[in-house]
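Novice: mmCIF, C-alpha atoms, file final-v4.cif:
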data_my_file
loop_
_atom_site.label_atom_id
_atom_site.label_comp_id
_atom_site.auth_asym_id
_atom_site.auth_seq_id
_atom_site.Cartn_x
_atom_site.Cartn_y
_atom_site.Cartn_z
CA MET A 1 1.58 -9.07 -14.76
CA VAL A 2 4.41 -10.14 -12.45
CA MET A 3 2.82 -11.44 -9.26
CA MET A 4 4.46 -10.67 -5.93
CA TRP A 5 1.85 -11.86 -3.45
CA ASP A 6 0.14 -15.24 -3.68
CA ARG A 7 -2.59 -15.00 -1.08
CA ASN A 8 -5.83 -16.63 -0.01
CA VAL A 9 -8.39 -14.22 -1.49
CA ASN A 10 -10.73 -14.85 1.44
CA GLU A 11 -8.25 -13.52 4.01
CA PRO A 12 -9.21 -10.26 5.74
CA PHE A 13 -7.81 -7.17 4.06
CA ILE A 14 -7.38 -4.11 6.33
CA LEU A 15 -7.94 -0.60 5.00
CA PHE A 16 -7.03 2.44 7.12
CA GLY A 17 -8.74 5.54 5.77
CA ASN A 18 -11.70 7.89 5.94
CA PRO A 19 -14.80 5.72 5.35
CA GLY A 20 -17.23 6.91 2.73
CA ASN A 21 -14.85 9.08 0.75
CA ARG A 22 -14.10 8.53 -2.93
CA ARG A 23 -10.88 6.59 -2.28
CA THR A 24 -12.15 4.02 0.22
CA THR A 25 -15.39 3.72 -1.75
CA GLY A 26 -13.48 3.15 -4.99
CA LEU A 27 -11.40 0.38 -3.45
CA GLN A 28 -14.44 -1.34 -1.91
CA GLU A 29 -16.25 -1.18 -5.25
CA ALA A 30 -13.26 -2.77 -6.96
CA ARG A 31 -13.24 -5.64 -4.47
CA SER A 32 -16.97 -6.12 -4.96
CA ARG A 33 -16.66 -6.26 -8.76
CA LEU A 34 -13.91 -8.86 -8.39
CA LYS A 35 -16.08 -10.84 -5.93
CA LEU A 36 -13.55 -10.35 -3.16
CA PRO A 37 -14.68 -9.92 0.45
CA PRO A 38 -15.01 -6.26 1.46
CA ALA A 39 -12.01 -4.70 3.13
CA LEU A 40 -12.16 -4.26 6.88
CA GLU A 41 -12.20 -0.46 7.19
CA ILE A 42 -10.60 1.16 10.24
CA SER A 43 -11.17 4.90 10.28
CA TYR A 44 -8.43 7.40 10.99
CA MET A 45 -10.69 9.03 13.59
CA ASP A 46 -10.89 5.73 15.50
CA VAL A 47 -7.10 5.34 15.27
CA LEU A 48 -6.50 8.90 16.49
CA ARG A 49 -8.93 8.36 19.36
CA ALA A 50 -7.09 5.17 20.33
CA ILE A 51 -3.75 7.00 20.29
CA ARG A 52 -5.16 9.80 22.42
CA GLU A 53 -6.69 7.36 24.93
CA LYS A 54 -3.53 5.23 24.95
CA HIS A 55 -5.30 2.12 23.69
CA SER A 56 -3.69 -0.52 21.49
CA LEU A 57 -4.74 -1.46 17.98
CA GLY A 58 -6.00 -4.79 19.35
CA GLU A 59 -8.20 -2.97 21.85
CA LEU A 60 -9.49 -0.73 19.08
CA MET A 61 -10.44 -3.74 16.97
CA VAL A 62 -12.30 -5.31 19.89
CA ARG A 63 -14.29 -2.09 20.25
CA ILE A 64 -15.03 -2.01 16.49
CA SER A 65 -16.24 -5.63 16.70
CA ALA A 66 -18.48 -4.81 19.66
CA GLN A 67 -19.96 -1.87 17.77
CA ALA A 68 -20.56 -4.07 14.73
CA ALA A 69 -22.42 -6.55 16.93
CA GLN A 70 -24.85 -3.78 17.87
CA ASP A 71 -25.38 -2.66 14.29
CA SER A 72 -27.93 -4.21 11.99
CA VAL A 73 -26.38 -2.83 8.79
CA ASN A 74 -25.13 -5.10 6.04
CA GLY A 75 -21.56 -6.14 6.57
CA SER A 76 -21.52 -6.08 10.37
CA VAL A 77 -21.26 -9.90 10.52
CA HIS A 78 -18.33 -9.79 8.09
CA VAL A 79 -16.60 -7.17 10.27
CA GLN A 80 -16.98 -9.31 13.39
CA GLU A 81 -15.75 -12.47 11.66
CA SER A 82 -12.76 -10.67 10.10
CA ILE A 83 -11.71 -9.27 13.46
CA ARG A 84 -12.15 -12.66 15.14
CA GLN A 85 -9.83 -14.23 12.57
CA LEU A 86 -7.26 -11.47 12.92
CA LEU A 87 -7.14 -11.42 16.72
CA ALA A 88 -7.19 -15.21 16.97
CA GLY A 89 -4.17 -15.48 14.68
CA ARG A 90 -6.05 -17.50 12.06
CA VAL A 91 -4.60 -15.56 9.12
CA ASP A 92 -1.67 -17.08 7.27
CA ASN A 93 1.40 -14.82 7.11
CA GLY A 94 -0.47 -11.90 8.64
CA PRO A 95 -3.07 -9.74 6.86
CA PRO A 96 -2.41 -7.44 3.91
CA LEU A 97 -2.86 -3.79 4.90
CA ARG A 98 -3.39 -0.56 3.02
CA LEU A 99 -3.08 3.03 4.18
CA ASP A 100 -5.26 5.49 2.32
CA ALA A 101 -5.03 9.27 2.17
CA PRO A 102 -5.99 11.09 5.39
CA GLY A 103 -7.38 14.16 3.60
CA GLU A 104 -10.85 15.53 2.90
CA ASN A 105 -11.93 15.25 6.54
CA PHE A 106 -11.51 18.28 8.78
CA GLN A 107 -11.98 16.33 12.01
CA VAL A 108 -9.05 14.11 11.06
CA GLU A 109 -7.00 17.14 9.99
CA ARG A 110 -7.66 18.82 13.33
CA GLU A 111 -6.73 15.73 15.34
CA LEU A 112 -3.50 15.28 13.36
CA ILE A 113 -2.55 18.89 14.09
CA ALA A 114 -3.27 18.21 17.78
CA LEU A 115 -1.17 15.03 17.69
CA GLY A 116 1.70 17.01 16.18
CA ALA A 117 1.65 19.66 18.90
CA SER A 118 4.71 20.27 21.06
CA ASP A 119 2.74 19.28 24.17
CA ALA A 120 1.39 16.03 22.66
CA GLU A 121 3.06 12.66 23.17
CA GLY A 122 4.14 10.78 20.10
CA ASP A 123 6.82 8.74 18.37
CA ASP A 124 8.88 10.95 16.05
CA SER A 125 10.99 8.09 14.68
CA LEU A 126 9.44 8.38 11.20
CA LEU A 127 10.03 12.11 10.77
CA PRO A 128 12.31 12.07 7.70
CA TRP A 129 14.39 15.00 8.97
CA PRO A 130 13.58 15.49 12.68
CA GLU A 131 16.15 18.25 12.98
CA TRP A 132 13.93 20.37 10.70
CA ALA A 133 10.88 19.96 12.94
CA HIS A 134 9.96 23.08 14.84
CA ASP A 135 7.51 24.18 17.51
CA THR A 136 6.03 27.28 15.91
CA GLY A 137 2.51 25.86 15.83
CA ILE A 138 -0.23 25.68 18.44
CA LEU A 139 -0.93 23.53 21.49
CA ALA A 140 -3.07 20.39 21.25
CA ALA A 141 -6.06 21.98 23.03
CA GLU A 142 -5.93 24.95 20.64
CA ALA A 143 -5.82 22.60 17.65
CA ARG A 144 -8.98 20.83 18.81
CA ARG A 145 -10.80 24.18 18.98
CA LEU A 146 -10.10 25.00 15.33
CA GLN A 147 -13.20 25.58 13.23
CA GLU A 148 -13.30 24.56 9.59
CA GLN A 149 -12.84 27.38 7.10
CA HIS A 150 -13.16 26.27 3.51
CA GLY A 151 -9.73 26.00 1.88
CA ARG A 152 -7.82 27.36 4.89
CA ILE A 153 -4.36 25.83 5.24
CA TRP A 154 -3.84 25.13 8.93
CA HIS A 155 -0.35 24.53 10.37
CA PRO A 156 0.95 22.11 7.69
CA ALA A 157 4.29 21.37 9.39
CA GLN A 158 2.53 20.49 12.64
CA TRP A 159 0.00 18.39 10.70
CA PHE A 160 2.86 16.47 9.10
CA ARG A 161 4.48 15.78 12.45
CA GLY A 162 1.16 14.44 13.73
CA TYR A 163 0.75 12.31 10.62
CA CYS A 164 4.24 10.83 11.07
CA ARG A 165 3.34 10.03 14.69
CA LEU A 166 0.19 8.26 13.51
CA LEU A 167 2.20 6.29 10.94
CA ALA A 168 4.75 5.29 13.60
CA TRP A 169 1.99 4.15 15.96
CA LEU A 170 0.34 2.02 13.27
CA ARG A 171 3.64 0.52 12.20
CA HIS A 172 4.50 -0.44 15.78
CA GLU A 173 1.05 -1.82 16.59
CA VAL A 174 0.80 -3.89 13.40
CA GLU A 175 4.29 -5.29 13.91
CA ARG A 176 3.32 -6.34 17.42
CA LEU A 177 0.02 -7.95 16.38
CA TRP A 178 1.04 -9.49 13.04
CA PRO A 179 4.84 -9.57 12.63
CA SER A 180 4.64 -11.19 9.18
CA SER A 181 1.97 -8.88 7.76
CA ARG A 182 2.63 -6.89 4.58
CA TRP A 183 1.79 -3.26 3.85
CA MET A 184 0.77 -2.24 0.35
CA ASN A 185 2.41 1.09 1.15
CA ASP A 186 4.91 1.04 3.99
CA PRO A 187 4.34 3.71 6.69
CA ALA A 188 8.03 4.66 6.88
CA GLU A 189 8.24 5.10 3.11
CA ILE A 190 4.98 7.09 3.05
CA ALA A 191 6.59 9.54 5.47
CA VAL A 192 9.56 9.95 3.12
CA MET A 193 7.39 10.31 0.01
CA PHE A 194 5.30 12.99 1.74
CA ASP A 195 8.38 15.07 2.61
CA LYS A 196 9.38 16.55 -0.75
CA ARG A 197 12.80 17.54 0.61
CA ARG A 198 13.68 14.04 1.78
CA CYS A 199 12.03 12.32 -1.20
CA SER A 200 14.10 14.37 -3.65
CA ALA A 201 17.28 13.50 -1.75
CA VAL A 202 16.44 9.78 -1.71
CA LEU A 203 15.74 9.77 -5.45
CA ASN A 204 18.89 11.73 -6.21
CA GLN A 205 20.96 9.25 -4.18
CA ALA A 206 19.40 6.45 -6.25
CA ASP A 207 20.56 8.21 -9.47
CA ILE A 208 17.00 9.22 -10.42
CA ARG A 209 16.87 12.51 -12.27
CA VAL A 210 15.18 15.19 -10.16
CA PRO A 211 15.18 18.99 -10.62
CA PRO A 212 18.24 20.65 -9.05
CA VAL A 213 17.48 21.77 -5.51
CA LEU A 214 18.20 25.19 -4.05
CA THR A 215 19.46 25.19 -0.49
CA ALA A 216 19.76 27.93 2.09
CA SER A 217 23.03 28.97 3.67
CA GLY A 218 21.62 27.79 7.00
CA ALA A 219 19.64 24.62 7.75
CA ALA A 220 16.54 25.89 5.95
CA PHE A 221 15.08 28.97 4.27
CA ARG A 222 13.88 31.43 6.89
CA ASP A 223 12.19 33.96 4.62
CA ALA A 224 12.04 35.52 1.15
CA VAL A 225 15.41 37.23 1.70
CA ASP A 226 17.09 33.84 2.17
CA LEU A 227 15.41 32.59 -1.01
CA HIS A 228 16.50 35.60 -3.05
CA THR A 229 20.06 35.15 -1.85
CA ALA A 230 20.09 31.50 -2.92
CA MET A 231 18.56 32.34 -6.30
CA LYS A 232 21.16 35.01 -6.95
CA GLU A 233 24.06 32.75 -5.95
CA SER A 234 22.79 29.86 -8.06
CA GLY A 235 21.87 31.95 -11.08
CA PHE A 236 18.33 30.52 -11.04
CA HIS A 237 15.77 33.21 -11.86
CA ARG A 238 12.80 30.83 -12.07
CA VAL A 239 12.04 28.31 -9.34
CA PHE A 240 9.26 26.22 -7.90
CA VAL A 241 8.69 26.84 -4.21
CA LYS A 242 6.73 23.98 -2.64
CA ILE A 243 5.53 23.55 0.90
CA PHE A 244 7.44 20.43 1.89
CA CYS A 245 4.42 18.26 2.71
CA GLY A 246 1.73 19.57 0.36
CA SER A 247 -0.31 17.68 -2.22
CA GLY A 248 -2.68 18.54 -5.03
CA ALA A 249 -0.76 21.77 -5.82
CA SER A 250 -1.65 23.14 -2.39
CA GLY A 251 1.23 25.30 -1.21
CA VAL A 252 3.02 25.33 -4.60
CA MET A 253 4.31 28.51 -6.23
CA ALA A 254 5.94 28.98 -9.64
CA TYR A 255 8.13 32.00 -8.93
CA GLN A 256 10.39 34.15 -11.04
CA VAL A 257 12.48 37.29 -10.56
CA HIS A 258 13.55 39.26 -13.62
CA PRO A 259 17.38 39.36 -13.61
CA LYS A 260 17.55 43.03 -14.68
CA THR A 261 14.37 44.78 -13.54
CA HIS A 262 13.89 42.57 -10.46
CA ALA A 263 10.16 42.46 -11.22
CA GLU A 264 8.56 39.44 -9.56
CA LEU A 265 5.81 37.10 -10.71
CA ALA A 266 4.22 34.28 -8.73
CA VAL A 267 1.66 31.78 -10.02
CA THR A 268 0.12 29.74 -7.22
CA THR A 269 -3.05 28.25 -5.78
CA ILE A 270 -2.34 30.05 -2.50
CA GLY A 271 -4.76 32.81 -1.61
CA THR A 272 -4.06 35.30 1.16
CA GLU A 273 -6.29 37.78 2.99
CA ILE A 274 -6.23 39.92 6.10
CA ILE A 275 -9.02 38.80 8.43
CA HIS A 276 -9.48 40.57 11.77
CA GLY A 277 -5.97 41.96 11.47
CA GLN A 278 -4.40 38.56 10.80
CA ARG A 279 -3.05 37.41 7.45
CA VAL A 280 -4.40 33.97 6.59
CA TYR A 281 -3.52 31.57 3.78
CA TYR A 282 -5.79 29.20 1.93
CA ASN A 283 -5.98 26.96 -1.12
CA ALA A 284 -7.93 29.05 -3.63
CA GLY A 285 -8.68 25.99 -5.78
CA ARG A 286 -7.53 27.86 -8.88
CA LEU A 287 -4.37 29.58 -10.00
CA ARG A 288 -3.67 33.18 -9.03
CA ARG A 289 -1.06 35.54 -10.43
CA TYR A 290 0.71 37.91 -8.08
CA THR A 291 2.94 40.79 -9.12
CA ASP A 292 2.76 42.83 -5.92
CA LYS A 293 5.95 42.19 -3.95
CA GLN A 294 4.25 42.68 -0.59
CA ASP A 295 1.79 39.86 -1.22
CA ILE A 296 4.43 37.61 -2.80
CA HIS A 297 6.89 38.07 0.06
CA ALA A 298 4.18 37.53 2.67
CA ILE A 299 3.34 34.17 1.07
CA LEU A 300 7.01 33.23 0.70
CA ASN A 301 7.73 34.13 4.32
CA TRP A 302 4.84 31.96 5.50
CA LEU A 303 5.94 29.06 3.30
CA CYS A 304 9.49 29.29 4.63
CA VAL A 305 8.29 29.25 8.24
CA GLU A 306 6.37 26.03 7.56
CA GLY A 307 9.21 24.51 5.53
CA VAL A 308 9.83 24.51 1.78
CA HIS A 309 11.37 22.47 -0.97
CA VAL A 310 12.78 24.77 -3.66
CA GLU A 311 13.84 23.44 -7.05
CA ARG A 312 14.89 24.81 -10.39
CA TRP A 313 12.01 25.45 -12.78
CA ILE A 314 12.53 22.91 -15.58
CA PRO A 315 10.66 23.82 -18.79
CA LYS A 316 8.19 21.07 -19.67
CA ALA A 317 7.60 19.60 -23.10
CA THR A 318 4.59 20.96 -24.98
CA LEU A 319 1.69 19.46 -26.87
CA ASN A 320 -0.62 21.62 -28.98
CA GLY A 321 0.85 24.75 -27.44
CA ARG A 322 0.42 23.64 -23.82
CA VAL A 323 2.88 22.15 -21.36
CA TYR A 324 2.40 18.66 -19.98
CA ASP A 325 3.67 16.10 -17.55
CA VAL A 326 2.58 12.52 -16.82
CA ARG A 327 1.08 10.89 -13.74
CA GLN A 328 2.39 7.34 -14.03
CA LEU A 329 1.14 4.66 -11.66
CA VAL A 330 3.55 1.86 -10.74
CA CYS A 331 2.16 -1.30 -9.16
CA GLY A 332 4.49 -4.08 -8.14
CA SER A 333 7.41 -2.87 -10.31
CA GLU A 334 5.13 -2.60 -13.37
CA ALA A 335 4.15 0.72 -14.97
CA CYS A 336 0.41 0.51 -15.50
CA HIS A 337 -2.16 3.34 -15.55
CA ALA A 338 -1.03 6.73 -16.83
CA VAL A 339 -2.59 10.08 -17.61
CA LEU A 340 -1.07 13.04 -19.43
CA ARG A 341 -1.88 16.42 -17.82
CA LEU A 342 -2.08 19.39 -20.20
CA SER A 343 -2.00 22.97 -18.96
CA ASN A 344 -1.66 26.57 -20.11
CA SER A 345 0.18 27.25 -16.84
CA PRO A 346 3.31 25.68 -15.32
CA ILE A 347 1.13 23.86 -12.74
CA THR A 348 -0.61 20.85 -14.29
CA ASN A 349 -2.69 19.29 -11.49
CA LEU A 350 -5.97 17.95 -12.83
CA HIS A 351 -8.21 19.39 -10.11
CA LEU A 352 -7.28 22.83 -11.48
CA ARG A 353 -9.41 21.97 -14.54
CA ASN A 354 -6.44 21.06 -16.67
CA GLU A 355 -7.07 18.65 -19.53
CA ARG A 356 -6.36 14.93 -19.19
CA LEU A 357 -5.41 12.60 -22.03
CA SER A 358 -4.33 9.01 -22.30
CA LEU A 359 -0.80 8.63 -23.58
CA MET A 360 -2.19 6.95 -26.68
CA ASP A 361 -4.66 9.78 -27.40
CA ALA A 362 -1.90 12.32 -26.83
CA GLY A 363 0.13 10.70 -29.58
CA LEU A 364 3.35 10.49 -27.59
CA SER A 365 6.08 8.56 -29.31
CA GLN A 366 6.77 5.05 -28.11
CA SER A 367 10.24 6.09 -27.03
CA THR A 368 8.82 8.88 -24.86
CA VAL A 369 6.26 6.55 -23.28
CA GLU A 370 8.92 3.95 -22.56
CA SER A 371 11.23 6.60 -21.12
CA VAL A 372 8.49 7.82 -18.74
CA GLN A 373 7.70 4.27 -17.67
CA HIS A 374 11.34 3.35 -17.17
CA THR A 375 11.93 6.48 -15.07
CA ALA A 376 8.88 5.82 -12.88
CA LYS A 377 9.79 2.17 -12.30
CA ALA A 378 13.37 3.08 -11.45
CA ALA A 379 12.15 5.67 -8.95
CA MET A 380 9.87 3.15 -7.23
CA ARG A 381 12.86 0.86 -6.67
CA ALA A 382 14.03 3.48 -4.18
CA PHE A 383 11.00 2.46 -2.08
CA PRO A 384 11.26 -1.33 -1.98
CA ALA A 385 8.71 -1.83 0.82
CA SER A 386 5.87 -0.12 -1.08
CA MET A 387 3.80 -1.87 -3.71
CA VAL A 388 2.15 1.09 -5.41
CA ALA A 389 2.51 4.84 -5.91
CA GLY A 390 1.72 7.51 -8.46
CA LEU A 391 4.72 9.38 -9.86
CA ASP A 392 4.66 12.75 -11.58
CA VAL A 393 7.15 12.59 -14.43
CA LEU A 394 8.33 15.65 -16.37
CA VAL A 395 9.38 15.28 -20.00
CA PRO A 396 11.85 18.17 -20.50
CA ALA A 397 11.33 20.62 -23.35
CA HIS A 398 15.03 20.45 -24.17
CA GLY A 399 15.04 16.66 -24.45
CA GLY A 400 16.98 14.13 -22.46
CA ARG A 401 15.94 11.87 -19.60
CA PRO A 402 12.68 12.68 -17.78
CA TYR A 403 12.64 14.10 -14.27
CA VAL A 404 10.62 12.78 -11.34
CA LEU A 405 8.77 15.69 -9.71
CA ASP A 406 6.83 13.87 -7.03
CA VAL A 407 6.12 10.42 -5.59
CA ASN A 408 2.56 10.24 -4.29
CA PRO A 409 1.78 7.23 -2.08
CA PHE A 410 -1.92 7.87 -2.73
CA GLY A 411 -1.59 8.78 -6.39
CA ASP A 412 -3.86 6.01 -7.67
CA LEU A 413 -7.15 7.95 -7.70
CA LEU A 414 -7.31 8.15 -11.49
CA TYR A 415 -10.70 8.70 -13.07
CA ARG A 416 -11.61 7.14 -16.42
CA VAL A 417 -8.18 5.56 -16.83
CA GLU A 418 -7.83 1.83 -17.49
CA HIS A 419 -4.96 -0.58 -18.00
CA GLN A 420 -5.73 -3.84 -19.81
CA GLY A 421 -9.42 -3.19 -19.13
CA TRP A 422 -9.12 -2.60 -15.37
CA ASN A 423 -9.26 0.58 -13.33
CA SER A 424 -6.45 1.33 -10.89
CA TYR A 425 -8.09 -0.14 -7.79
CA GLU A 426 -9.15 -3.31 -9.62
CA TRP A 427 -5.63 -3.74 -10.98
CA GLU A 428 -4.10 -3.37 -7.52
CA MET A 429 -6.51 -5.88 -5.99
CA LEU A 430 -5.75 -8.34 -8.80
CA TYR A 431 -2.07 -7.92 -8.11
CA LEU A 432 -2.52 -8.31 -4.38
CA ALA A 433 -4.54 -11.51 -4.63
CA ASN A 434 -3.96 -14.62 -6.69
CA LYS A 435 -4.93 -13.32 -10.12
CA SER A 436 -6.16 -16.59 -11.58
CA ALA A 437 -8.29 -17.34 -8.52
CA VAL A 438 -9.94 -13.92 -8.63
CA LEU A 439 -10.71 -14.12 -12.36
CA GLU A 440 -12.16 -17.59 -11.94
CA ARG A 441 -14.51 -16.32 -9.25
CA LYS A 442 -15.48 -13.28 -11.31
CA ASP A 443 -16.45 -15.49 -14.28
CA ARG A 444 -18.88 -17.57 -12.25
#
Give the structure from this file in structure tokens form.

Specialist:
Amino acid sequence: MVMMWDRNVNEPFILFGNPGNRRTTGLQEARSRLKLPPALEISYMDVLRAIREKHSLGELMVRISAQAAQDSVNGSVHVQESIRQLLAGRVDNGPPLRLDAPGENFQVERELIALGASDAEGDDSLLPWPEWAHDTGILAAEARRLQEQHGRIWHPAQWFRGYCRLLAWLRHEVERLWPSSRWMNDPAEIAVMFDKRRCSAVLNQADIRVPPVLTASGAAFRDAVDLHTAMKESGFHRVFVKIFCGSGASGVMAYQVHPKTHAELAVTTIGTEIIHGQRVYYNAGRLRRYTDKQDIHAILNWLCVEGVHVERWIPKATLNGRVYDVRQLVCGSEACHAVLRLSNSPITNLHLRNERLSLMDAGLSQSTVESVQHTAKAAMRAFPASMVAGLDVLVPAHGGRPYVLDVNPFGDLLYRVEHQGWNSYEWEMLYLANKSAVLERKDR
């Protein structure tokens, strides 16, 4: 393992996330197993409240410390001491910080939509392509009145703008408090990774192989008619249409138009229904096949309004009659944990009940494994300020160099996958700290 950070393992480690979910819990468990102090968790809800009330990060931490002083739960003393060290400047070189995924919490989703509203104040400096931002969403007060509906996809473009404003606020506040601190995943690069349009362009500029992109005659696709025009002009009859800021296959459509009969087929996780006279869209949690043009065009029109990334459908390599791609984790310029995702459909995400295999169990050739790893590491070099990300790598059916489909800044939630005996969170914490010091403590 090539070490990049040589740190005092007792220094406070700050984790921004949604406390109690599987990601923050997994990281805290890893630190506990390695006998590292628990991370100081700062919830996204607390951050969003501070932004709304125009408080600083320092003021937020004082409030968290005061709340910890009133609590009698285990860890409250550690929280107070960590915050005292951080605010007193007793941390060498500034603290290490990690941003975790903001999902799986509707209150946070709602507040991010409110923060991204046209009537909300915020710093848009991290929007990867601000000229593509639009004000077709809802006002902040309307966003805060939204009620959770299972799977409903609410105003994704506005959510993304709010998320970029949160990232910009955190970046500014951390720079002001701890100028020499180091992010595990840089806020500015997270914003680029999350925008599939911008991420593809950045990778392409770095000479990383990505699927060819379809572009509209104007600044962006306005509707299904624009998309059909671009497909006809390019000669592409099969494309992937992806909502520009989606994850976990939410907002992704594998779409094809027969060149002679013009019959259309869409495979997607997007469900659509008419409720009280309004068409709504949701993540069905499983793949659906659409052949009715009215439904397909309604979904495409909605996707285009929110913003889409459209790319040529590259046939994937097969294994035992099913297509596959690889989620490859890169940590500190080293390719580590990996999982092969097998599917009977063109969409391979594991939460769709697709099969997972280790690369060894899959029997991939050494040259294929090395090609995937090389591609993923090269792609991560396009994001030099980020220590870790999960990359989705496509091995083409026709051979040749792999393609990078996606760069996920939070792509390290990998179940039952180890590298040299460590799970992904343990490996990252070993990398972050002084490895020999951590292992010595663990052996005691």

Novice: Have a look at A:Val372, A:Leu167, A:Ala224, A:Leu352 and name the one nearest to Val305 of chain A; count all atoms listed in the file.

Specialist: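 Result for the nearest residue to Val305 of chain A: A:Ala224.
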
Novice: Can you list, as a PyMOL selection string, the residues that the PyMOL selection byres ((chain A and resi 110) around 10) selects here?

Specialist: chain A and resi 105-109+111-116+140+142-148+154-155+159+162

Novice: Could you pull the residues within 9 Å of Val62 of chain A, counting all atoms listed in the file, minus those fewer than 3 positions along the same chain, as a ChimeraX atom specification?

Specialist: /A:57-59,65-67,80,83-84,87

Novice: So, with all atoms listed in the file as the atoms that count, which of A:Arg279, A:Arg98, A:His374, A:Arg238 lies closest to Glu41 of chain A?

Specialist: A:Arg98

Novice: I'd like the residues picked by the PyMOL selection byres ((chain A and resi 30-38) around 6) written out as a list in words, using the chain letters and numbers from the file.

Specialist: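 Selected by the PyMOL selection byres ((chain A and resi 30-38) around 6) in this file: Leu27, Gln28, Glu29, Ala39, Tyr425, Glu426 and Lys442 of chain A.
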
Novice: Start from the incomplete input, build N, CA and C atoms for segment 110-128 of chain A, and deliver everything as a short mmCIF file (atom, residue, chain, number, x, y, z; two decimals), in the coordinates of the input.

Specialist:
data_model
loop_
_atom_site.label_atom_id
_atom_site.label_comp_id
_atom_site.auth_asym_id
_atom_site.auth_seq_id
_atom_site.Cartn_x
_atom_site.Cartn_y
_atom_site.Cartn_z
N ARG A 110 -7.79 18.14 12.03
CA ARG A 110 -7.66 18.82 13.33
C ARG A 110 -6.97 17.93 14.35
N GLU A 111 -7.33 16.66 14.38
CA GLU A 111 -6.73 15.73 15.34
C GLU A 111 -5.26 15.46 15.02
N LEU A 112 -4.91 15.46 13.73
CA LEU A 112 -3.50 15.28 13.36
C LEU A 112 -2.68 16.50 13.78
N ILE A 113 -3.24 17.69 13.63
CA ILE A 113 -2.55 18.89 14.09
C ILE A 113 -2.36 18.82 15.60
N ALA A 114 -3.39 18.36 16.32
CA ALA A 114 -3.27 18.21 17.78
C ALA A 114 -2.21 17.19 18.14
N LEU A 115 -2.16 16.07 17.41
CA LEU A 115 -1.17 15.03 17.69
C LEU A 115 0.24 15.52 17.42
N GLY A 116 0.38 16.47 16.50
CA GLY A 116 1.70 17.01 16.18
C GLY A 116 2.14 18.17 17.05
N ALA A 117 1.33 18.51 18.05
CA ALA A 117 1.65 19.66 18.90
C ALA A 117 2.85 19.36 19.79
N SER A 118 3.52 20.43 20.22
CA SER A 118 4.71 20.27 21.06
C SER A 118 4.37 19.67 22.42
N ASP A 119 3.12 19.83 22.87
CA ASP A 119 2.74 19.28 24.17
C ASP A 119 2.03 17.94 24.06
N ALA A 120 2.01 17.35 22.85
CA ALA A 120 1.39 16.03 22.66
C ALA A 120 2.48 14.96 22.68
N GLU A 121 2.12 13.78 23.16
CA GLU A 121 3.06 12.66 23.17
C GLU A 121 2.99 11.94 21.83
N GLY A 122 4.14 11.50 21.36
CA GLY A 122 4.14 10.78 20.10
C GLY A 122 5.53 10.31 19.73
N ASP A 123 5.57 9.34 18.84
CA ASP A 123 6.82 8.74 18.37
C ASP A 123 7.26 9.48 17.11
N ASP A 124 8.38 10.18 17.18
CA ASP A 124 8.88 10.95 16.05
C ASP A 124 9.91 10.18 15.22
N SER A 125 9.95 8.87 15.36
CA SER A 125 10.99 8.09 14.68
C SER A 125 10.83 8.10 13.16
N LEU A 126 9.63 8.39 12.65
CA LEU A 126 9.44 8.38 11.20
C LEU A 126 9.53 9.78 10.59
N LEU A 127 9.79 10.80 11.37
CA LEU A 127 10.03 12.11 10.77
C LEU A 127 11.27 12.02 9.90
N PRO A 128 11.15 12.27 8.59
CA PRO A 128 12.31 12.07 7.70
C PRO A 128 13.52 12.90 8.09
#
